[in-house]
>>> print(open('final-v7.txt').read())   # compact mmCIF, C-alpha atoms
# COMPACT_ATOMS: atom_id res chain seq x y z
CA MET A 1 121.80 82.64 110.81
CA ASN A 2 119.40 84.36 113.23
CA TYR A 3 119.99 87.71 114.91
CA LYS A 4 121.33 86.25 118.20
CA CYS A 5 123.79 84.05 116.34
CA LYS A 6 125.00 87.03 114.30
CA VAL A 7 125.61 89.10 117.42
CA LYS A 8 127.37 86.23 119.15
CA SER A 9 129.63 85.67 116.13
CA ILE A 10 130.56 89.35 115.88
CA THR A 11 131.29 89.52 119.63
CA LEU A 12 133.59 86.52 119.31
CA ILE A 13 135.42 87.92 116.29
CA LEU A 14 135.97 91.30 117.94
CA LYS A 15 137.84 89.69 120.84
CA PRO A 16 141.66 89.97 120.40
CA ASN A 17 142.16 86.51 121.88
CA PHE A 18 140.21 85.00 118.98
CA TRP A 19 142.69 86.28 116.42
CA LEU A 20 145.73 85.59 118.61
CA SER A 21 144.63 81.99 118.95
CA LEU A 22 144.35 81.74 115.17
CA ILE A 23 147.86 83.14 114.72
CA ALA A 24 149.20 80.68 117.26
CA CYS A 25 147.55 77.81 115.47
CA LYS A 26 150.08 76.17 113.14
CA LYS A 27 147.36 75.15 110.71
CA ILE A 28 146.56 78.73 109.73
CA LYS A 29 149.22 80.72 107.96
CA LEU A 30 149.55 84.45 108.47
CA GLN A 31 148.81 85.14 104.81
CA ARG A 32 145.51 83.30 105.07
CA LEU A 33 144.68 85.17 108.26
CA ILE A 34 145.17 88.52 106.52
CA ILE A 35 142.64 87.44 103.89
CA LEU A 36 140.27 85.84 106.38
CA PHE A 37 139.85 88.93 108.59
CA PRO A 38 138.25 91.33 106.10
CA LEU A 39 136.23 88.61 104.37
CA THR A 40 134.72 87.47 107.65
CA PHE A 41 133.64 90.99 108.58
CA LEU A 42 132.29 91.64 105.09
CA THR A 43 130.16 88.49 105.14
CA LEU A 44 128.71 89.06 108.61
CA PHE A 45 127.94 92.75 108.25
CA SER A 46 126.49 92.38 104.76
CA THR A 47 124.16 89.67 106.09
CA ILE A 48 122.98 91.89 108.95
CA PHE A 49 122.49 95.03 106.86
CA SER A 50 120.69 93.18 104.07
CA ALA A 51 118.24 91.81 106.62
CA SER A 52 117.53 95.32 107.96
CA ALA A 53 117.49 97.10 104.59
CA GLN A 54 113.69 97.19 104.44
CA GLU A 55 112.43 100.62 103.46
CA LYS A 56 109.72 102.39 105.48
CA ILE A 57 106.93 104.46 103.97
CA ILE A 58 104.91 106.88 106.13
CA ILE A 59 101.22 106.76 105.18
CA GLY A 60 98.64 109.31 106.31
CA ALA A 61 95.56 107.77 107.94
CA ILE A 62 92.16 109.14 108.97
CA HIS A 63 89.43 107.52 111.05
CA ALA A 64 87.06 106.35 108.30
CA PRO A 65 85.84 102.79 108.88
CA PRO A 66 86.04 100.37 107.15
CA TYR A 67 88.97 101.92 105.26
CA PHE A 68 90.82 103.06 108.36
CA THR A 69 89.87 102.29 111.96
CA VAL A 70 91.91 104.19 114.54
CA LEU A 71 91.57 102.54 117.94
CA PRO A 72 90.52 104.90 120.80
CA ASN A 73 93.40 106.39 122.82
CA SER A 74 95.85 104.82 120.41
CA ASP A 75 97.51 105.40 117.06
CA ALA A 76 97.02 101.73 116.13
CA VAL A 77 95.42 101.54 112.68
CA THR A 78 93.45 98.65 111.17
CA GLY A 79 90.96 98.29 108.34
CA LEU A 80 90.48 97.48 104.67
CA VAL A 81 93.12 99.88 103.37
CA PRO A 82 95.95 98.63 105.65
CA GLU A 83 95.20 95.08 104.47
CA LEU A 84 95.42 96.16 100.84
CA LEU A 85 98.57 98.21 101.39
CA VAL A 86 100.36 95.24 102.97
CA SER A 87 99.60 93.27 99.79
CA ILE A 88 101.03 96.11 97.70
CA PHE A 89 104.14 97.06 99.66
CA SER A 90 105.32 93.87 101.38
CA PRO A 91 106.43 92.17 98.13
CA LEU A 92 108.50 95.29 97.45
CA ASN A 93 110.21 94.98 100.85
CA ILE A 94 108.60 98.21 102.04
CA GLU A 95 107.29 98.50 105.61
CA VAL A 96 104.19 100.64 106.12
CA GLU A 97 103.92 103.02 109.07
CA TYR A 98 100.85 105.18 109.71
CA LYS A 99 100.55 108.77 110.88
CA VAL A 100 97.03 109.53 112.11
CA LEU A 101 95.76 112.98 111.10
CA SER A 102 92.53 114.78 110.29
CA LEU A 103 91.49 114.86 106.64
CA LYS A 104 92.36 118.57 106.44
CA ARG A 105 95.82 118.07 107.96
CA VAL A 106 96.67 114.97 105.97
CA LYS A 107 96.37 116.85 102.68
CA VAL A 108 98.70 119.60 103.91
CA ALA A 109 101.15 117.00 105.26
CA LEU A 110 101.13 115.25 101.90
CA ILE A 111 101.93 118.39 99.92
CA ASN A 112 104.61 119.47 102.42
CA GLY A 113 106.26 116.06 102.42
CA ASP A 114 105.56 115.37 106.11
CA ILE A 115 104.11 112.03 104.99
CA ASP A 116 105.05 109.97 101.95
CA ALA A 117 101.59 109.08 100.77
CA PHE A 118 97.84 109.09 101.36
CA PRO A 119 95.85 106.14 99.92
CA LEU A 120 92.34 107.61 99.66
CA MET A 121 92.92 109.90 96.70
CA VAL A 122 90.47 110.17 93.80
CA ASP A 123 90.49 111.98 90.47
CA GLY A 124 89.41 115.61 90.56
CA ILE A 125 90.89 116.47 93.97
CA LYS A 126 92.20 119.95 94.61
CA ALA A 127 95.96 120.49 94.25
CA ILE A 128 96.21 117.35 92.08
CA ASP A 129 99.28 118.87 90.44
CA LYS A 130 101.09 118.72 93.78
CA VAL A 131 100.92 114.93 94.16
CA ALA A 132 101.69 111.90 92.02
CA LEU A 133 98.95 109.27 91.77
CA SER A 134 99.22 105.51 91.49
CA ASP A 135 96.82 103.44 89.44
CA LYS A 136 93.49 102.72 91.13
CA TYR A 137 93.56 99.84 93.60
CA TRP A 138 89.94 99.95 94.88
CA SER A 139 86.54 101.26 93.72
CA ALA A 140 83.31 102.14 95.54
CA ASN A 141 80.08 103.91 94.57
CA ASN A 142 78.83 107.01 96.36
CA TYR A 143 75.04 107.29 96.97
CA VAL A 144 72.42 109.43 98.67
CA TRP A 145 71.49 107.60 101.91
CA ALA A 146 68.35 108.16 103.99
CA LEU A 147 66.37 106.54 106.83
CA ARG A 148 64.23 103.68 105.54
CA SER A 149 61.53 104.59 108.09
CA LYS A 150 61.22 108.04 106.49
CA TYR A 151 61.98 107.26 102.83
CA HIS A 152 61.08 103.61 102.34
CA ASN A 153 62.40 103.42 98.77
CA GLY A 154 65.21 105.87 99.33
CA ILE A 155 65.58 109.36 97.90
CA GLU A 156 65.27 109.05 94.14
CA TRP A 157 66.77 111.75 91.95
CA GLU A 158 67.50 112.33 88.29
CA SER A 159 69.21 115.74 88.42
CA TYR A 160 70.92 117.59 91.26
CA ALA A 161 68.02 120.03 91.33
CA ASP A 162 65.90 117.18 92.74
CA LEU A 163 68.08 117.18 95.88
CA THR A 164 67.66 120.85 96.77
CA GLU A 165 64.55 120.16 98.89
CA TYR A 166 66.51 118.02 101.38
CA LYS A 167 68.87 118.80 104.25
CA ILE A 168 72.02 116.76 103.59
CA GLY A 169 75.03 115.84 105.71
CA ILE A 170 78.50 115.83 104.17
CA VAL A 171 82.09 115.54 105.40
CA ARG A 172 83.97 118.83 105.59
CA THR A 173 86.71 119.13 102.89
CA ALA A 174 85.80 115.71 101.41
CA ASN A 175 85.63 115.15 97.67
CA TYR A 176 82.38 113.87 96.15
CA GLY A 177 83.31 114.13 92.49
CA PRO A 178 83.51 117.26 90.30
CA GLU A 179 79.76 117.61 89.58
CA THR A 180 78.62 116.90 93.14
CA ASP A 181 81.25 119.25 94.56
CA ARG A 182 79.99 122.00 92.26
CA PHE A 183 76.41 121.32 93.40
CA ILE A 184 77.53 121.57 97.04
CA ARG A 185 79.29 124.91 96.46
CA ASN A 186 76.25 126.36 94.69
CA ASN A 187 73.77 125.14 97.34
CA SER A 188 75.75 125.42 100.59
CA GLY A 189 72.62 126.30 102.59
CA ILE A 190 71.16 122.81 102.41
CA PHE A 191 74.32 121.08 103.64
CA TYR A 192 75.42 120.26 107.18
CA GLN A 193 79.18 119.61 107.49
CA SER A 194 80.76 117.18 109.96
CA ASP A 195 84.38 116.14 110.44
CA THR A 196 83.89 112.44 109.65
CA SER A 197 81.48 110.06 107.92
CA PRO A 198 80.69 108.24 111.22
CA ASP A 199 79.60 111.60 112.68
CA ASN A 200 77.26 112.19 109.74
CA ILE A 201 75.78 108.71 109.96
CA LYS A 202 75.05 109.11 113.69
CA LEU A 203 73.34 112.45 113.03
CA LEU A 204 71.31 110.93 110.21
CA LEU A 205 70.18 108.08 112.45
CA VAL A 206 68.79 110.53 115.03
CA GLY A 207 67.01 112.56 112.33
CA ARG A 208 69.26 115.64 112.34
CA PHE A 209 68.95 115.87 108.56
CA ASP A 210 67.23 114.01 105.70
CA ALA A 211 70.14 112.34 103.96
CA THR A 212 73.89 112.00 103.71
CA PHE A 213 76.31 111.50 100.85
CA SER A 214 78.47 108.45 101.47
CA ASN A 215 80.00 105.51 99.67
CA GLU A 216 78.71 101.99 100.15
CA ASP A 217 81.79 100.64 101.95
CA ILE A 218 81.51 103.18 104.77
CA ILE A 219 77.76 102.71 105.27
CA VAL A 220 77.82 98.91 105.45
CA ASN A 221 79.26 98.82 109.01
CA TYR A 222 76.36 100.95 110.27
CA ASN A 223 73.58 99.33 108.26
CA LYS A 224 73.52 95.68 109.23
CA ASP A 225 69.83 95.92 110.15
CA GLN A 226 69.06 97.81 106.89
CA THR A 227 68.02 100.97 108.74
CA LEU A 228 69.43 103.06 105.90
CA VAL A 229 68.45 102.89 102.25
CA ARG A 230 70.35 104.30 99.29
CA SER A 231 69.28 105.98 96.09
CA SER A 232 69.26 103.75 93.03
CA LYS A 233 71.37 106.30 91.16
CA ALA A 234 74.98 106.74 92.23
CA LEU A 235 76.42 110.20 92.79
CA TYR A 236 79.95 109.22 91.87
CA THR A 237 82.29 106.25 91.65
CA TYR A 238 85.40 106.55 93.77
CA ASP A 239 88.46 105.05 92.12
CA TYR A 240 90.89 105.09 95.00
CA ARG A 241 94.55 105.74 94.28
CA ILE A 242 97.65 106.22 96.41
CA GLY A 243 98.73 109.85 96.29
CA PHE A 244 102.49 110.34 96.74
CA SER A 245 104.10 113.55 97.90
CA LEU A 246 106.39 114.94 95.23
CA LYS A 247 108.93 115.36 98.04
CA SER A 248 108.87 111.64 98.85
CA PRO A 249 111.57 109.25 97.56
CA PHE A 250 108.80 106.73 96.82
CA VAL A 251 107.65 108.81 93.84
CA SER A 252 110.38 107.07 91.87
CA ARG A 253 108.85 103.69 92.82
CA ILE A 254 105.36 104.28 91.39
CA LYS A 255 105.97 102.05 88.37
CA SER A 256 106.83 99.01 90.52
CA ILE A 257 103.96 99.87 92.90
CA ASN A 258 101.53 99.93 89.97
CA GLU A 259 102.81 96.51 88.89
CA GLN A 260 101.96 95.19 92.34
CA ILE A 261 98.50 96.79 92.16
CA LYS A 262 97.90 94.85 88.92
CA GLN A 263 98.71 91.62 90.76
CA ILE A 264 96.12 92.45 93.43
CA GLU A 265 93.50 93.16 90.76
CA LYS A 266 94.16 89.73 89.23
CA VAL A 267 93.64 88.08 92.61
CA ASN A 268 90.38 90.02 93.16
CA GLU A 269 89.11 89.01 89.71
CA ARG A 270 89.82 85.33 90.43
CA THR A 271 88.02 85.65 93.79
CA LYS A 272 84.88 87.06 92.15
CA GLU A 273 84.73 84.21 89.60
>>> encode(input="final-v7.txt", output="structure tokens")
Amino acid sequence: MNYKCKVKSITLILKPNFWLSLIACKKIKLQRLIILFPLTFLTLFSTIFSASAQEKIIIGAIHAPPYFTVLPNSDAVTGLVPELLVSIFSPLNIEVEYKVLSLKRVKVALINGDIDAFPLMVDGIKAIDKVALSDKYWSANNYVWALRSKYHNGIEWESYADLTEYKIGIVRTANYGPETDRFIRNNSGIFYQSDTSPDNIKLLLVGRFDATFSNEDIIVNYNKDQTLVRSSKALYTYDYRIGFSLKSPFVSRIKSINEQIKQIEKVNERTKE
């Protein structure tokens, strides 16, 4: 029964003449009518409410292609992460809605419970005790990226001390792993901070600094002509997890969410074979 049919049926049943005609009909006894009335309403309303019982989770989103792409002058969100989240939440009958915020604001909103979850969480983040993490659902390596025209083989490094001679662009408040974050704090003078990875990449392309820290998924959209080259050694491997606000009702659903993440991993493994 579709929505229009449900509404039409309810409208018909609510009309007094419908029930009066049933009473007048000799084929229907009054006792049966007394039973029929509540059962009819119970069936129709339970059908409607079960169809609309889908839960809604509010996810924080930032403009960070290809993970999240926020369309200009709009809150419409697309990208790799929304595709993955649909695969995770749809089988659980959970609808995903996005709230677009800056990286700084999304963390505060998560802790305060203004959003239910943020899906770009990694181990070692600050205030980790204030959120509940899912299992990892995606991984990506973080490298030192430079202009191929300036550093043909990329910037090679063995220890962090090797990077102190370069001017490096990073994203303000972003997490680059415990060791890299410590290096950044101890050598703040060599770092230029932008609000987003796309901003850093644009500045790198015009020669504003020597290199930028970024993961491979973010760079690929800007490097189709191989203008940028990465270090052979990775800075850090991001194991992305969904961080849930402890004030969100979805914290109690993490076990079933993790089960769905396992199903996605199985699909990805079969795809790679």
>>> closest_residue(input="final-v7.txt", among="A:Val81, A:Val251, A:Ile94, A:Val229", to="Glu156 (chain A)", atoms="all atoms listed in the file")
A:Val229
>>> residues_around(input="final-v7.txt", residues="Ser256 (chain A)", least_positions_apart="2", cutoff="12 Å", atoms="only C-alpha atoms", output="PDB file with C-alpha atoms, in the frame of the given file")
ATOM      1  CA  ILE A  88     101.030  96.110  97.700  1.00  0.00           C
ATOM      2  CA  PHE A  89     104.140  97.060  99.660  1.00  0.00           C
ATOM      3  CA  PRO A  91     106.430  92.170  98.130  1.00  0.00           C
ATOM      4  CA  LEU A  92     108.500  95.290  97.450  1.00  0.00           C
ATOM      5  CA  ASN A  93     110.210  94.980 100.850  1.00  0.00           C
ATOM      6  CA  ILE A  94     108.600  98.210 102.040  1.00  0.00           C
ATOM      7  CA  SER A 134      99.220 105.510  91.490  1.00  0.00           C
ATOM      8  CA  ASP A 135      96.820 103.440  89.440  1.00  0.00           C
ATOM      9  CA  PHE A 250     108.800 106.730  96.820  1.00  0.00           C
ATOM     10  CA  VAL A 251     107.650 108.810  93.840  1.00  0.00           C
ATOM     11  CA  SER A 252     110.380 107.070  91.870  1.00  0.00           C
ATOM     12  CA  ARG A 253     108.850 103.690  92.820  1.00  0.00           C
ATOM     13  CA  ILE A 254     105.360 104.280  91.390  1.00  0.00           C
ATOM     14  CA  ASN A 258     101.530  99.930  89.970  1.00  0.00           C
ATOM     15  CA  GLU A 259     102.810  96.510  88.890  1.00  0.00           C
ATOM     16  CA  GLN A 260     101.960  95.190  92.340  1.00  0.00           C
ATOM     17  CA  ILE A 261      98.500  96.790  92.160  1.00  0.00           C
ATOM     18  CA  LYS A 262      97.900  94.850  88.920  1.00  0.00           C
ATOM     19  CA  GLN A 263      98.710  91.620  90.760  1.00  0.00           C
TER      20      GLN A 263
END
>>> atom_distance(input="final-v7.txt", atom1="CA of Lys130 (chain A)", atom2="CA of Asn142 (chain A)")
25.3 Å
>>> closest_residue(input="final-v7.txt", among="A:Ser248, A:Ser231, A:Ser197, A:Thr78", to="Ile218 (chain A)", atoms="all atoms listed in the file")
A:Ser197
>>> closest_residue(input="final-v7.txt", among="A:Pro198, A:Pro178, A:Gly60, A:Gly169", to="Ala109 (chain A)", atoms="all atoms listed in the file")
A:Gly60
>>> closest_residue(input="final-v7.txt", among="A:Phe118, A:Trp138, A:Tyr151, A:Tyr98", to="Gly207 (chain A)", atoms="all atoms listed in the file")
A:Tyr151
>>> atom_distance(input="final-v7.txt", atom1="CA of Ser139 (chain A)", atom2="CA of Leu71 (chain A)")
24.8 Å
>>> atom_distance(input="final-v7.txt", atom1="CA of Gly154 (chain A)", atom2="CA of Lys224 (chain A)")
16.5 Å
>>> closest_atom_pairs(input="final-v7.txt", of="region 83-184 of chain A", to="region 233-236 of chain A", cutoff="12 Å", atoms="only C-alpha atoms", output="tab-separated table")
residue	atom	partner	partner_atom	distance
A:Val122	CA	A:Tyr236	CA	10.7
A:Asp123	CA	A:Tyr236	CA	11.0
A:Gly124	CA	A:Tyr236	CA	11.5
A:Ser139	CA	A:Tyr236	CA	10.5
A:Ala140	CA	A:Tyr236	CA	8.7
A:Asn141	CA	A:Tyr236	CA	6.0
A:Asn142	CA	A:Tyr236	CA	5.1
A:Tyr143	CA	A:Ala234	CA	4.8
A:Val144	CA	A:Leu235	CA	7.2
A:Trp145	CA	A:Ala234	CA	10.3
A:Gly154	CA	A:Lys233	CA	10.2
A:Ile155	CA	A:Lys233	CA	9.4
A:Glu156	CA	A:Lys233	CA	7.3
A:Trp157	CA	A:Lys233	CA	7.2
A:Glu158	CA	A:Lys233	CA	7.7
A:Ser159	CA	A:Lys233	CA	10.1
A:Tyr160	CA	A:Leu235	CA	9.3
A:Leu163	CA	A:Leu235	CA	11.3
A:Asn175	CA	A:Tyr236	CA	10.1
A:Tyr176	CA	A:Tyr236	CA	6.8
A:Gly177	CA	A:Tyr236	CA	6.0
A:Pro178	CA	A:Tyr236	CA	8.9
A:Glu179	CA	A:Tyr236	CA	8.7
A:Thr180	CA	A:Leu235	CA	7.1
A:Asp181	CA	A:Leu235	CA	10.4
A:Phe183	CA	A:Leu235	CA	11.1
>>> residues_around(input="final-v7.txt", residues="region 113-115 of chain A", least_positions_apart="4", cutoff="9 Å", atoms="all atoms listed in the file", output="JSON, numbers by chain")
{"A": [57, 58, 59, 60, 98, 99, 106, 108, 109, 244, 245, 246, 247, 248]}
>>> closest_residue(input="final-v7.txt", among="A:Phe209, A:Lys255, A:Ser90, A:Thr69", to="Lys150 (chain A)", atoms="all atoms listed in the file")
A:Phe209
>>> closest_residue(input="final-v7.txt", among="A:Leu205, A:Val131, A:Val77, A:Ile190", to="Tyr166 (chain A)", atoms="all atoms listed in the file")
A:Ile190
>>> residues_around(input="final-v7.txt", residues="Gln226 (chain A)", least_positions_apart="6", cutoff="12 Å", atoms="only C-alpha atoms", output="number ranges by chain")
A: 145-149, 152-154, 205, 219-220
>>> residues_near_point(input="final-v7.txt", point="(81.3, 120.3, 105.6)", cutoff="12 Å", atoms="only C-alpha atoms", output="list in words")
Leu103, Lys104, Ile168, Gly169, Ile170, Val171, Arg172, Thr173, Ala174, Asn175, Tyr176, Asp181, Ile184, Arg185, Ser188, Gly189, Ile190, Phe191, Tyr192, Gln193, Ser194, Asp195, Thr196, Ser197, Asp199, Asn200, Thr212 and Phe213 of chain A
